[in-house]
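Peer 1: This is upload.cif, which holds mmCIF, C-alpha atoms:
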```
data_my_file
#
loop_
_atom_site.label_atom_id
_atom_site.label_comp_id
_atom_site.auth_asym_id
_atom_site.auth_seq_id
_atom_site.Cartn_x
_atom_site.Cartn_y
_atom_site.Cartn_z
CA MET N 25 -34.29 24.42 -5.22
CA PRO N 26 -32.47 23.73 -1.94
CA ALA N 27 -30.86 26.67 -0.22
CA SER N 28 -27.51 24.92 -0.64
CA ALA N 29 -27.58 25.13 -4.43
CA THR N 30 -24.09 25.85 -5.69
CA GLU N 31 -23.99 28.99 -7.78
CA SER N 32 -20.78 28.54 -9.76
CA SER N 33 -19.00 25.70 -11.51
CA ILE N 34 -15.36 24.69 -11.32
CA GLY N 35 -14.87 26.23 -14.75
CA GLU N 36 -16.32 29.55 -13.62
CA ARG N 37 -14.11 29.56 -10.53
CA ILE N 38 -11.07 28.79 -12.69
CA ALA N 39 -11.94 31.71 -14.97
CA VAL N 40 -12.20 34.07 -11.98
CA ALA N 41 -8.90 32.86 -10.50
CA ARG N 42 -7.21 33.13 -13.89
CA LYS N 43 -8.35 36.72 -14.34
CA VAL N 44 -7.28 37.62 -10.81
CA ALA N 45 -3.84 36.24 -11.70
CA GLY N 46 -3.81 38.44 -14.81
CA LEU N 47 -3.62 35.53 -17.26
CA ASN N 48 -5.46 34.83 -20.47
CA GLN N 49 -6.56 31.31 -21.39
CA TYR N 50 -3.47 30.70 -23.51
CA ALA N 51 -1.10 31.67 -20.69
CA LEU N 52 -2.93 29.44 -18.21
CA ALA N 53 -2.85 26.55 -20.66
CA GLN N 54 0.90 26.96 -21.06
CA ARG N 55 1.50 27.04 -17.30
CA ALA N 56 -0.76 24.04 -16.64
CA SER N 57 0.53 22.01 -19.64
CA TYR N 58 -2.93 21.69 -21.20
CA SER N 59 -4.31 22.93 -24.49
CA THR N 60 -6.03 26.29 -24.75
CA SER N 61 -9.09 24.53 -26.15
CA MET N 62 -9.29 22.40 -22.99
CA VAL N 63 -9.09 25.46 -20.75
CA ARG N 64 -11.80 27.13 -22.82
CA ALA N 65 -14.06 24.05 -22.80
CA VAL N 66 -13.82 23.68 -19.03
CA GLU N 67 -14.39 27.36 -18.35
CA GLN N 68 -17.45 27.31 -20.62
CA GLY N 69 -18.80 24.16 -18.96
CA ARG N 70 -18.70 22.04 -22.12
CA GLU N 71 -16.34 19.49 -20.57
CA PRO N 72 -16.11 18.39 -16.93
CA ALA N 73 -12.80 19.29 -15.33
CA SER N 74 -10.79 16.16 -14.56
CA PRO N 75 -9.04 15.82 -11.18
CA SER N 76 -5.71 16.08 -12.97
CA PHE N 77 -6.75 19.26 -14.78
CA VAL N 78 -7.95 20.92 -11.57
CA ALA N 79 -4.77 19.95 -9.72
CA CYS N 80 -2.52 21.31 -12.48
CA VAL N 81 -4.51 24.54 -12.82
CA ALA N 82 -4.48 25.12 -9.05
CA ARG N 83 -0.72 24.66 -9.08
CA ALA N 84 -0.32 26.97 -12.08
CA LEU N 85 -2.45 29.70 -10.49
CA GLY N 86 -0.98 29.28 -7.01
CA VAL N 87 -4.39 28.77 -5.38
CA GLU N 88 -5.72 26.08 -3.08
CA ILE N 89 -7.42 23.25 -4.88
CA GLU N 90 -10.38 23.55 -2.52
CA GLU N 91 -10.94 27.07 -3.87
CA LEU N 92 -11.44 25.75 -7.39
CA TYR N 93 -13.64 22.86 -6.29
CA GLY N 94 -15.69 25.09 -4.01
CA ARG N 95 -15.39 22.43 -1.34
CA PRO N 96 -16.23 21.42 1.25
CA TYR N 97 -19.89 21.93 0.26
CA ARG N 98 -20.67 23.53 3.59
CA GLU N 99 -24.19 24.72 2.81
CA LEU N 100 -25.14 21.38 1.30
CA LEU N 101 -23.76 19.61 4.36
CA GLU N 102 -25.67 21.96 6.66
CA ASP N 103 -28.89 21.22 4.78
CA ASP N 104 -28.22 17.53 5.35
CA GLY N 105 -27.64 17.93 9.07
CA GLY N 106 -24.00 18.93 9.18
CA LEU N 107 -20.97 16.70 9.63
CA PRO N 108 -20.75 15.77 13.32
CA GLY N 109 -17.23 14.98 14.40
CA VAL N 110 -15.30 17.36 12.16
CA GLU N 111 -14.93 20.11 14.77
CA GLU N 112 -13.90 17.50 17.34
CA LEU N 113 -11.23 16.30 14.92
CA ARG N 114 -10.01 19.87 14.45
CA THR N 115 -9.65 20.21 18.20
CA LEU N 116 -7.83 16.91 18.48
CA PHE N 117 -5.36 17.90 15.77
CA ALA N 118 -4.87 21.31 17.38
CA GLU N 119 -3.83 19.59 20.61
CA GLY N 120 -0.75 18.25 18.82
CA ARG N 121 1.36 16.11 21.16
CA HIS N 122 -0.95 17.01 24.04
CA VAL N 123 -4.02 15.02 22.97
CA THR N 124 -6.46 14.52 25.82
CA ALA N 125 -6.71 10.76 26.04
CA LEU N 126 -9.82 8.91 27.19
CA GLN N 127 -10.05 5.80 29.31
CA PRO N 128 -9.82 2.97 26.77
CA SER N 129 -11.73 -0.25 26.51
CA SER N 130 -9.77 -3.40 25.72
CA LEU N 131 -7.60 -3.52 22.61
CA ASP N 132 -9.88 -6.18 21.15
CA GLU N 133 -12.89 -3.93 21.64
CA LEU N 134 -11.05 -0.96 20.14
CA ALA N 135 -10.06 -3.08 17.15
CA ALA N 136 -13.71 -4.02 16.67
CA ASP N 137 -14.74 -0.34 16.88
CA LEU N 138 -12.16 0.54 14.24
CA GLU N 139 -13.45 -2.20 11.95
CA ARG N 140 -16.99 -0.85 12.35
CA ALA N 141 -15.78 2.62 11.38
CA ARG N 142 -14.10 1.21 8.28
CA THR N 143 -17.23 -0.72 7.37
CA LEU N 144 -19.29 2.46 7.65
CA ARG N 145 -16.86 4.21 5.30
CA HIS N 146 -16.93 1.44 2.72
CA SER N 147 -20.71 1.17 2.84
CA ASP N 148 -21.17 4.88 2.07
CA ARG N 149 -22.02 5.95 5.61
CA ALA N 150 -19.03 8.22 6.04
CA ARG N 151 -20.88 10.83 8.08
CA ARG N 152 -21.66 8.28 10.78
CA ALA N 153 -18.06 7.07 10.69
CA ILE N 154 -16.68 10.58 11.18
CA ALA N 155 -18.99 11.15 14.14
CA ARG N 156 -17.52 8.11 15.89
CA THR N 157 -13.89 8.80 15.09
CA PRO N 158 -12.76 11.49 17.60
CA VAL N 159 -13.74 9.43 20.65
CA LEU N 160 -12.13 6.33 19.17
CA LEU N 161 -8.89 8.21 18.52
CA ARG N 162 -8.81 9.56 22.07
CA GLN N 163 -9.43 6.06 23.45
CA LEU N 164 -6.58 4.70 21.34
CA HIS N 165 -4.30 7.43 22.68
CA GLY N 166 -5.41 6.25 26.11
CA ALA N 167 -4.52 2.68 25.16
CA VAL N 168 -1.02 3.79 24.19
CA ARG N 169 -0.66 5.69 27.46
CA ASP N 170 -1.98 2.88 29.68
CA ALA N 171 -0.45 -0.12 27.88
CA PRO N 172 0.78 -2.67 30.46
CA SER N 173 3.49 -4.05 28.16
CA ASP N 174 5.60 -3.13 25.16
CA ALA N 175 3.63 -5.57 23.03
CA ASP N 176 0.32 -3.96 24.02
CA ARG N 177 1.73 -0.49 23.38
CA ALA N 178 2.94 -1.53 19.92
CA ARG N 179 -0.49 -2.97 19.11
CA ALA N 180 -2.19 0.20 20.35
CA HIS N 181 0.07 2.24 18.08
CA ARG N 182 -0.85 -0.03 15.18
CA LEU N 183 -4.56 0.51 15.77
CA LEU N 184 -3.97 4.24 16.23
CA ALA N 185 -2.14 4.44 12.89
CA GLN N 186 -4.96 2.61 11.14
CA CYS N 187 -7.60 4.80 12.78
CA TYR N 188 -5.83 8.00 11.71
CA ALA N 189 -5.53 6.63 8.17
CA ASN N 190 -9.24 5.87 8.15
CA ALA N 191 -9.99 9.36 9.47
CA GLY N 192 -7.88 10.85 6.70
CA GLN N 193 -9.85 9.04 4.01
CA LEU N 194 -13.13 10.10 5.60
CA VAL N 195 -12.41 13.84 5.69
CA PHE N 196 -10.70 13.67 2.28
CA ARG N 197 -13.98 12.42 0.83
CA PHE N 198 -15.77 15.60 1.90
CA GLY N 199 -13.03 17.94 0.69
CA TRP N 200 -11.16 18.75 3.90
CA LEU N 201 -7.67 18.26 2.44
CA PRO N 202 -5.73 19.99 5.26
CA LEU N 203 -7.43 17.76 7.82
CA ALA N 204 -6.67 14.71 5.69
CA THR N 205 -3.01 15.72 5.57
CA GLN N 206 -2.85 16.10 9.35
CA ALA N 207 -4.52 12.73 9.84
CA LEU N 208 -2.00 11.04 7.55
CA ASP N 209 0.91 12.72 9.34
CA ARG N 210 -0.39 11.25 12.59
CA ALA N 211 -0.87 7.84 10.95
CA GLU N 212 2.75 7.75 9.79
CA THR N 213 4.03 8.71 13.24
CA ALA N 214 1.97 6.02 14.96
CA ALA N 215 3.02 3.44 12.36
CA GLU N 216 6.67 4.04 13.21
CA HIS N 217 5.94 3.04 16.82
CA SER N 218 3.97 -0.07 15.97
CA ASP N 219 5.19 -3.65 15.69
CA ASP N 220 3.91 -3.96 12.11
CA PRO N 221 6.55 -3.76 9.36
CA LEU N 222 3.87 -3.41 6.65
CA LEU N 223 2.19 -0.31 8.05
CA PRO N 224 4.81 2.17 6.75
CA ALA N 225 4.25 0.86 3.21
CA HIS N 226 0.51 1.30 3.63
CA ALA N 227 0.97 4.85 4.92
CA LEU N 228 3.05 5.77 1.86
CA GLN N 229 0.28 4.53 -0.41
CA GLN N 230 -2.20 6.74 1.43
CA ARG N 231 0.15 9.69 0.96
CA VAL N 232 0.09 9.13 -2.80
CA LEU N 233 -3.64 9.91 -2.88
CA LEU N 234 -3.01 13.32 -1.34
CA LEU N 235 -0.13 14.05 -3.70
CA LEU N 236 -2.35 13.31 -6.71
CA SER N 237 -4.63 16.13 -5.57
CA HIS N 238 -1.67 18.51 -5.86
CA ALA N 239 -0.33 17.17 -9.18
CA ALA N 240 2.88 16.15 -7.39
CA TYR N 241 3.36 13.21 -9.70
CA ASP N 242 7.13 12.80 -9.40
CA THR N 243 6.95 12.57 -5.62
CA ALA N 244 3.94 10.25 -5.83
CA THR N 245 5.83 7.97 -8.20
CA ALA N 246 8.80 7.87 -5.84
CA LEU N 247 6.54 6.94 -2.91
CA VAL N 248 4.90 4.14 -4.88
CA ASP N 249 8.35 2.70 -5.58
CA GLN N 250 9.39 3.19 -1.96
CA SER N 251 6.26 1.41 -0.77
CA LEU N 252 7.04 -1.57 -3.01
CA ASP N 253 10.62 -1.66 -1.72
CA LEU N 254 9.37 -1.88 1.87
CA LEU N 255 7.26 -4.97 1.20
CA PRO N 256 8.81 -8.40 1.84
CA SER N 257 9.16 -11.04 -0.85
CA ASN N 258 6.45 -13.50 0.13
CA ASP N 259 3.01 -14.55 -1.05
CA ARG N 260 1.07 -13.87 2.14
CA GLU N 261 -2.31 -12.27 1.47
CA ALA N 262 -1.45 -9.02 3.24
CA THR N 263 1.76 -8.62 1.26
CA LEU N 264 0.08 -9.40 -2.06
CA ALA N 265 -2.77 -7.01 -1.31
CA LEU N 266 -0.41 -4.16 -0.43
CA ARG N 267 1.81 -4.86 -3.42
CA GLY N 268 -1.18 -4.91 -5.74
CA ALA N 269 -2.60 -1.73 -4.21
CA ALA N 270 0.75 0.02 -4.72
CA HIS N 271 0.68 -0.85 -8.41
CA LEU N 272 -2.86 0.52 -8.72
CA ARG N 273 -1.71 3.77 -7.11
CA GLY N 274 1.20 3.79 -9.53
CA ALA N 275 -1.09 3.22 -12.50
CA ILE N 276 -3.26 6.24 -11.74
CA THR N 277 -0.21 8.39 -10.98
CA ALA N 278 1.43 7.46 -14.28
CA ALA N 279 -1.79 7.99 -16.25
CA ARG N 280 -2.23 11.48 -14.84
CA ASN N 281 1.43 12.16 -15.57
CA CYS N 282 0.87 11.23 -19.23
CA ASP N 283 3.04 8.10 -18.95
CA THR N 284 0.62 5.62 -20.52
CA ASP N 285 3.14 2.80 -20.93
CA ARG N 286 4.08 2.92 -17.26
CA ALA N 287 0.41 3.07 -16.28
CA HIS N 288 -0.45 -0.06 -18.26
CA GLY N 289 2.64 -1.79 -16.91
CA HIS N 290 1.37 -1.22 -13.39
CA ILE N 291 -2.08 -2.50 -14.37
CA ASP N 292 -0.62 -5.64 -15.94
CA THR N 293 1.42 -6.36 -12.81
CA ALA N 294 -1.56 -5.69 -10.56
CA ARG N 295 -3.69 -8.02 -12.69
CA ASP N 296 -1.13 -10.81 -12.24
CA ILE N 297 -1.09 -10.25 -8.47
CA GLY N 298 -4.89 -10.22 -8.40
CA ALA N 299 -5.02 -13.52 -10.23
CA ARG N 300 -2.62 -15.05 -7.69
CA LEU N 301 -4.73 -13.69 -4.85
CA GLY N 302 -7.98 -14.84 -6.45
CA HIS N 303 -10.38 -12.71 -4.39
CA GLN N 304 -10.99 -9.24 -2.99
CA SER N 305 -8.83 -8.84 0.09
CA THR N 306 -9.66 -6.61 3.05
CA ALA N 307 -6.08 -6.78 4.32
CA TYR N 308 -4.83 -3.34 5.39
CA ASP N 309 -8.03 -1.79 4.13
CA THR N 310 -6.84 -2.24 0.54
CA ASN N 311 -9.88 -4.02 -0.94
CA PHE N 312 -7.46 -5.22 -3.56
CA GLY N 313 -8.45 -7.99 -5.92
CA PRO N 314 -9.29 -8.80 -9.55
CA GLY N 315 -12.39 -6.60 -9.58
CA ASN N 316 -10.58 -3.54 -8.28
CA VAL N 317 -7.86 -4.02 -10.89
CA GLU N 318 -10.41 -3.83 -13.71
CA ILE N 319 -12.00 -0.75 -12.14
CA HIS N 320 -8.58 0.91 -12.20
CA HIS N 321 -8.07 -0.26 -15.79
CA THR N 322 -11.12 1.80 -16.74
CA ALA N 323 -9.82 4.76 -14.74
CA VAL N 324 -6.44 4.57 -16.46
CA ALA N 325 -8.11 4.69 -19.88
CA LEU N 326 -10.05 7.79 -18.82
CA GLU N 327 -7.04 9.53 -17.26
CA SER N 328 -4.88 8.65 -20.29
CA GLY N 329 -7.21 10.44 -22.69
CA ASP N 330 -9.18 7.49 -24.08
CA PRO N 331 -12.72 8.19 -22.82
CA ASP N 332 -14.33 6.03 -25.51
CA ARG N 333 -12.57 2.92 -24.23
CA ALA N 334 -13.23 3.91 -20.61
CA ALA N 335 -16.94 4.37 -21.33
CA ARG N 336 -17.34 1.09 -23.21
CA THR N 337 -15.23 -1.17 -21.00
CA GLY N 338 -16.43 0.50 -17.82
CA SER N 339 -20.09 0.04 -18.72
CA GLN N 340 -19.56 -3.62 -19.58
CA LEU N 341 -17.62 -4.41 -16.42
CA ARG N 342 -19.42 -6.73 -14.01
CA LEU N 343 -18.37 -5.70 -10.55
CA PRO N 344 -17.97 -8.41 -7.90
CA ALA N 345 -20.68 -8.42 -5.26
CA ASN N 346 -18.15 -7.77 -2.50
CA ILE N 347 -16.74 -4.59 -4.03
CA PRO N 348 -17.30 -1.79 -1.48
CA ALA N 349 -20.19 0.51 -2.33
CA THR N 350 -17.93 3.55 -2.46
CA ARG N 351 -15.51 1.87 -4.87
CA ALA N 352 -18.39 0.87 -7.16
CA GLY N 353 -19.86 4.35 -6.92
CA HIS N 354 -16.57 5.96 -7.89
CA HIS N 355 -16.34 3.62 -10.87
CA TRP N 356 -19.72 4.76 -12.17
CA GLN N 357 -18.72 8.39 -11.65
CA ASP N 358 -15.70 7.80 -13.89
CA VAL N 359 -17.84 6.04 -16.49
CA ALA N 360 -20.29 8.96 -16.49
CA ARG N 361 -17.48 11.44 -17.14
CA ALA N 362 -16.19 9.21 -19.93
CA TRP N 363 -19.62 9.13 -21.61
CA VAL N 364 -19.85 12.93 -21.44
CA LEU N 365 -16.48 13.22 -23.16
CA THR N 366 -17.68 10.89 -25.93
CA GLY N 367 -20.89 12.90 -26.34
CA ASP N 368 -23.40 10.33 -25.09
CA HIS N 369 -25.20 12.22 -22.36
CA GLY N 370 -27.98 9.67 -21.96
CA GLN N 371 -25.45 7.00 -21.01
CA ALA N 372 -23.67 9.52 -18.79
CA LEU N 373 -26.84 10.23 -16.82
CA HIS N 374 -27.56 6.50 -16.60
CA SER N 375 -24.09 5.98 -15.10
CA LEU N 376 -24.62 8.83 -12.63
CA ASN N 377 -27.81 7.19 -11.49
CA ASN N 378 -25.90 3.93 -11.03
CA ALA N 379 -23.45 5.83 -8.82
CA ARG N 380 -26.34 7.32 -6.87
CA ARG N 381 -27.95 3.91 -6.43
CA VAL N 382 -24.88 2.20 -4.96
CA ALA N 383 -23.29 5.14 -3.09
CA PRO N 384 -25.73 8.05 -2.72
CA GLN N 385 -23.82 9.95 -0.02
CA GLN N 386 -20.52 9.86 -1.90
CA THR N 387 -22.23 10.78 -5.17
CA ARG N 388 -24.04 13.76 -3.69
CA TYR N 389 -20.85 15.34 -2.35
CA HIS N 390 -18.39 14.49 -5.13
CA PRO N 391 -17.23 17.45 -7.26
CA GLN N 392 -16.82 15.32 -10.38
CA VAL N 393 -20.49 14.38 -10.20
CA HIS N 394 -21.47 18.03 -9.97
CA GLU N 395 -19.31 18.94 -12.95
CA THR N 396 -20.47 15.99 -15.05
CA THR N 397 -24.08 16.93 -14.39
CA ARG N 398 -23.39 20.54 -15.36
CA ALA N 399 -21.74 19.39 -18.61
CA ILE N 400 -24.77 17.26 -19.48
CA ALA N 401 -27.14 20.14 -18.83
CA GLN N 402 -24.92 22.59 -20.71
CA THR N 403 -25.29 20.67 -23.97
CA GLU N 404 -29.08 20.34 -23.79
CA ARG N 405 -31.14 23.10 -25.33
CA ARG N 406 -33.97 22.25 -22.99
CA LYS N 407 -33.22 20.61 -19.69
CA SER N 408 -34.88 17.18 -19.51
CA ASP N 409 -36.80 16.27 -16.39
CA SER N 410 -34.29 13.53 -15.60
CA VAL N 411 -31.32 15.91 -15.67
CA ALA N 412 -33.23 18.55 -13.75
CA HIS N 413 -34.24 16.08 -11.06
CA PHE N 414 -30.70 14.79 -10.68
CA ALA N 415 -29.33 18.34 -10.48
CA TYR N 416 -31.93 19.25 -7.86
CA TRP N 417 -30.91 16.24 -5.78
CA LEU N 418 -27.29 17.45 -5.95
CA GLY N 419 -28.27 20.95 -4.90
CA LEU N 420 -27.19 22.42 -8.23
CA LYS N 421 -28.69 25.57 -9.67
CA LEU N 422 -28.49 25.23 -13.44
#
```
As a first step, turn the structure in this file into structure tokens.

Peer 2:
Amino acid sequence: MPASATESSIGERIAVARKVAGLNQYALAQRASYSTSMVRAVEQGREPASPSFVACVARALGVEIEELYGRPYRELLEDDGGLPGVEELRTLFAEGRHVTALQPSSLDELAADLERARTLRHSDRARRAIARTPVLLRQLHGAVRDAPSDADRARAHRLLAQCYANAGQLVFRFGWLPLATQALDRAETAAEHSDDPLLPAHALQQRVLLLLSHAAYDTATALVDQSLDLLPSNDREATLALRGAAHLRGAITAARNCDTDRAHGHIDTARDIGARLGHQSTAYDTNFGPGNVEIHHTAVALESGDPDRAARTGSQLRLPANIPATRAGHHWQDVARAWVLTGDHGQALHSLNNARRVAPQQTRYHPQVHETTRAIAQTERRKSDSVAHFAYWLGLKL
């Protein structure tokens, strides 16, 4: 077993935090607005903890969500060679308004570098993307400083905003939520100085993802609506992609907030927009299109408490070839959790292996994958070789 094997599950960490807070399972369930049976099942490892459950429990216990997830998986990352670039990002954020800028290349070259970093993220090579990001950010700050005209300075700010947003998604993926928050703060500030009226709407949508991690559903809902209000009334691809992406954010927010009707309303609207668009769009890094709508439809079923539908429809879904690897991988992670909740652990493990096949890096570091694997193993009297091998690959000690 790798030295990085994680010793405790989310459920076990919740039980410890609950006891430290002096609460029994019933009291925690009341504070978190979940049933006592759900709290018990998660603590005992019989059901994987959903993102919504973890967020609500963290809020109820007054602890950081990273404490319950046990993330970032520092030992696992060290075994894999570390995460080059993270400390450089910490330093850059610590510099505040006094960022040490580097001599920039041309704006066209910087734009190409940013696109390469995004491509690395989408193709499940986030570690390489993070390693490149600090230098790129410093060069973009240099481009803002050295811009020969207002137009060039506005464009540099636009690229800087997009680079900070990309950085936020990268560190978020590995569990560094405070760093992700700082990156998004910087993205919003740079967007305000750009010449792009759509960037503020995009930044709000990114903020929603962070708010979901804290179960701040009312604020997230308000930001989805605000993002939609900022978008112009036209049928340009960028506008349609951002509008559709906002509705997908709204759908997940509503589903986690137990507002199923609102969630399905968002999905229906997004489906209409996707049909008008007719393809997967890369505009504003949304990757919005018909395929992504159906992926979110499965996620809404799961988050709304209908794992049977999520498992069946998710397994039957034929993903477009141009869906990013990380998006496809996340879909199969959701399907695996749905199969566990329906009691079909063979299908759950099959779905986990699908996630591993298309997005191995994301799958290895995702807490939901770890918890789903634990739940599968928990229900087996004797651990099958397939489960044991998958757990070993994750660095889990079962």

Peer 1: I need the output of the PyMOL selection byres ((chain N and resi 411) around 8) for this file as a list in words; which residues are they?

Peer 2: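 With the PyMOL selection byres ((chain N and resi 411) around 8) on this model, the match is Leu373, Thr397, Ile400, Ala401, Lys407, Ser408, Asp409, Ser410, Ala412, His413, Phe414 and Ala415 of chain N.
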
Peer 1: Identify which of the residues N:Leu194, N:Val44, N:Ala307, N:Val364 lies closest to N:Ala335, counting all atoms listed in the file when measuring atom-to-atom distances.

Peer 2: N:Val364

Peer 1: Please work out which residues fall within 8 Å of (-13.9, 5.3, -21.3), coordinates as given in the file, with all atoms listed in the file counting, and return them as a PyMOL selection string.

Peer 2: chain N and resi 322-323+325-326+330-338+359+362-363

Peer 1: If we draw a sphere of 10 Å around (-0.9, 13.6, 23.8), which residues have at least one atom in it when counting all atoms listed in the file? Please report them as a ChimeraX atom specification.

Peer 2: /N:116,119-125,162,165-166,168-169

Peer 1: So that I have them on file, write out the residues from the current selection with C-alpha atoms, as a PDB file, in the frame of the given file.

Peer 2:
```pdb
ATOM      1  CA  LEU N 116      -7.830  16.910  18.480  1.00  0.00           C
ATOM      2  CA  GLU N 119      -3.830  19.590  20.610  1.00  0.00           C
ATOM      3  CA  GLY N 120      -0.750  18.250  18.820  1.00  0.00           C
ATOM      4  CA  ARG N 121       1.360  16.110  21.160  1.00  0.00           C
ATOM      5  CA  HIS N 122      -0.950  17.010  24.040  1.00  0.00           C
ATOM      6  CA  VAL N 123      -4.020  15.020  22.970  1.00  0.00           C
ATOM      7  CA  THR N 124      -6.460  14.520  25.820  1.00  0.00           C
ATOM      8  CA  ALA N 125      -6.710  10.760  26.040  1.00  0.00           C
ATOM      9  CA  ARG N 162      -8.810   9.560  22.070  1.00  0.00           C
ATOM     10  CA  HIS N 165      -4.300   7.430  22.680  1.00  0.00           C
ATOM     11  CA  GLY N 166      -5.410   6.250  26.110  1.00  0.00           C
ATOM     12  CA  VAL N 168      -1.020   3.790  24.190  1.00  0.00           C
ATOM     13  CA  ARG N 169      -0.660   5.690  27.460  1.00  0.00           C
TER      14      ARG N 169
END
```

Peer 1: I'd like the neighbourhood of stretch 49-57 of chain N as a list in words, where a residue qualifies if any of its atoms comes within 6 Å (using all atoms listed in the file), though same-chain residues fewer than 3 positions away should be ignored.

Peer 2: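 Here the qualifying residues turn out to be Thr60, Cys80, Val81 and Ala84 of chain N.
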
Peer 1: Using 3 Å of padding on each side, determine the axis-aligned box around all atoms of stretch 418-421 of chain N present in the file and give its centre and edge lengths in Å to one decimal, as AutoDock Vina command-line options.

Peer 2:
```
--center_x -27.9 --center_y 21.5 --center_z -7.3 --size_x 7.5 --size_y 14.1 --size_z 10.8
```

Peer 1: Which residue is closest to N:Glu99? Choose from N:Ala150, N:Ala82, N:Leu222, N:Leu418 and count only C-alpha atoms.

Peer 2: N:Leu418

Peer 1: So, with only C-alpha atoms as the atoms that count, which of N:Thr205, N:Ser173, N:Gln186, N:Ser32 lies closest to N:Phe117?

Peer 2: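 Using only C-alpha atoms, N:Phe117 sits closest to N:Thr205.
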
Peer 1: Check the smallest atom-to-atom distance from each of N:Thr293, N:Ala73, N:His181, N:Thr263 to N:Glu327 using only C-alpha atoms, then report the winner.

Peer 2: N:Ala73

Peer 1: Considering all atoms listed in the file, return as a JSON list (two decimals) with C-alpha atoms, in the coordinates of the input whatever protein or nucleic-acid residues lie within 12 Å of N:Asp285, sequence-local ones (same chain, fewer than 4 positions apart) excluded.

Peer 2:
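Final output, saved to part.json:
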```json
[["chain", "number", "residue", "atom", "x", "y", "z"],
["N", 274, "GLY", "CA", 1.20, 3.79, -9.53],
["N", 275, "ALA", "CA", -1.09, 3.22, -12.50],
["N", 276, "ILE", "CA", -3.26, 6.24, -11.74],
["N", 277, "THR", "CA", -0.21, 8.39, -10.98],
["N", 278, "ALA", "CA", 1.43, 7.46, -14.28],
["N", 279, "ALA", "CA", -1.79, 7.99, -16.25],
["N", 280, "ARG", "CA", -2.23, 11.48, -14.84],
["N", 281, "ASN", "CA", 1.43, 12.16, -15.57],
["N", 289, "GLY", "CA", 2.64, -1.79, -16.91],
["N", 290, "HIS", "CA", 1.37, -1.22, -13.39],
["N", 291, "ILE", "CA", -2.08, -2.50, -14.37],
["N", 292, "ASP", "CA", -0.62, -5.64, -15.94],
["N", 324, "VAL", "CA", -6.44, 4.57, -16.46],
["N", 325, "ALA", "CA", -8.11, 4.69, -19.88],
["N", 328, "SER", "CA", -4.88, 8.65, -20.29]]
```

Peer 1: Would you compute the distance between atom CA of N:His238 and atom CA of N:Ile89? Give it in Å to one decimal.

Peer 2: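 Taking atom CA of N:His238 as the start and atom CA of N:Ile89 as the end point, the length is 7.5 Å.
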
Peer 1: Enumerate, as an MDAnalysis selection string, the residues matched when the PyMOL selection byres ((chain N and resi 95) around 12) is run on the file above.

Peer 2: chainID N and resid 30 32:34 37 88:94 96:101 195:202 389:392 394
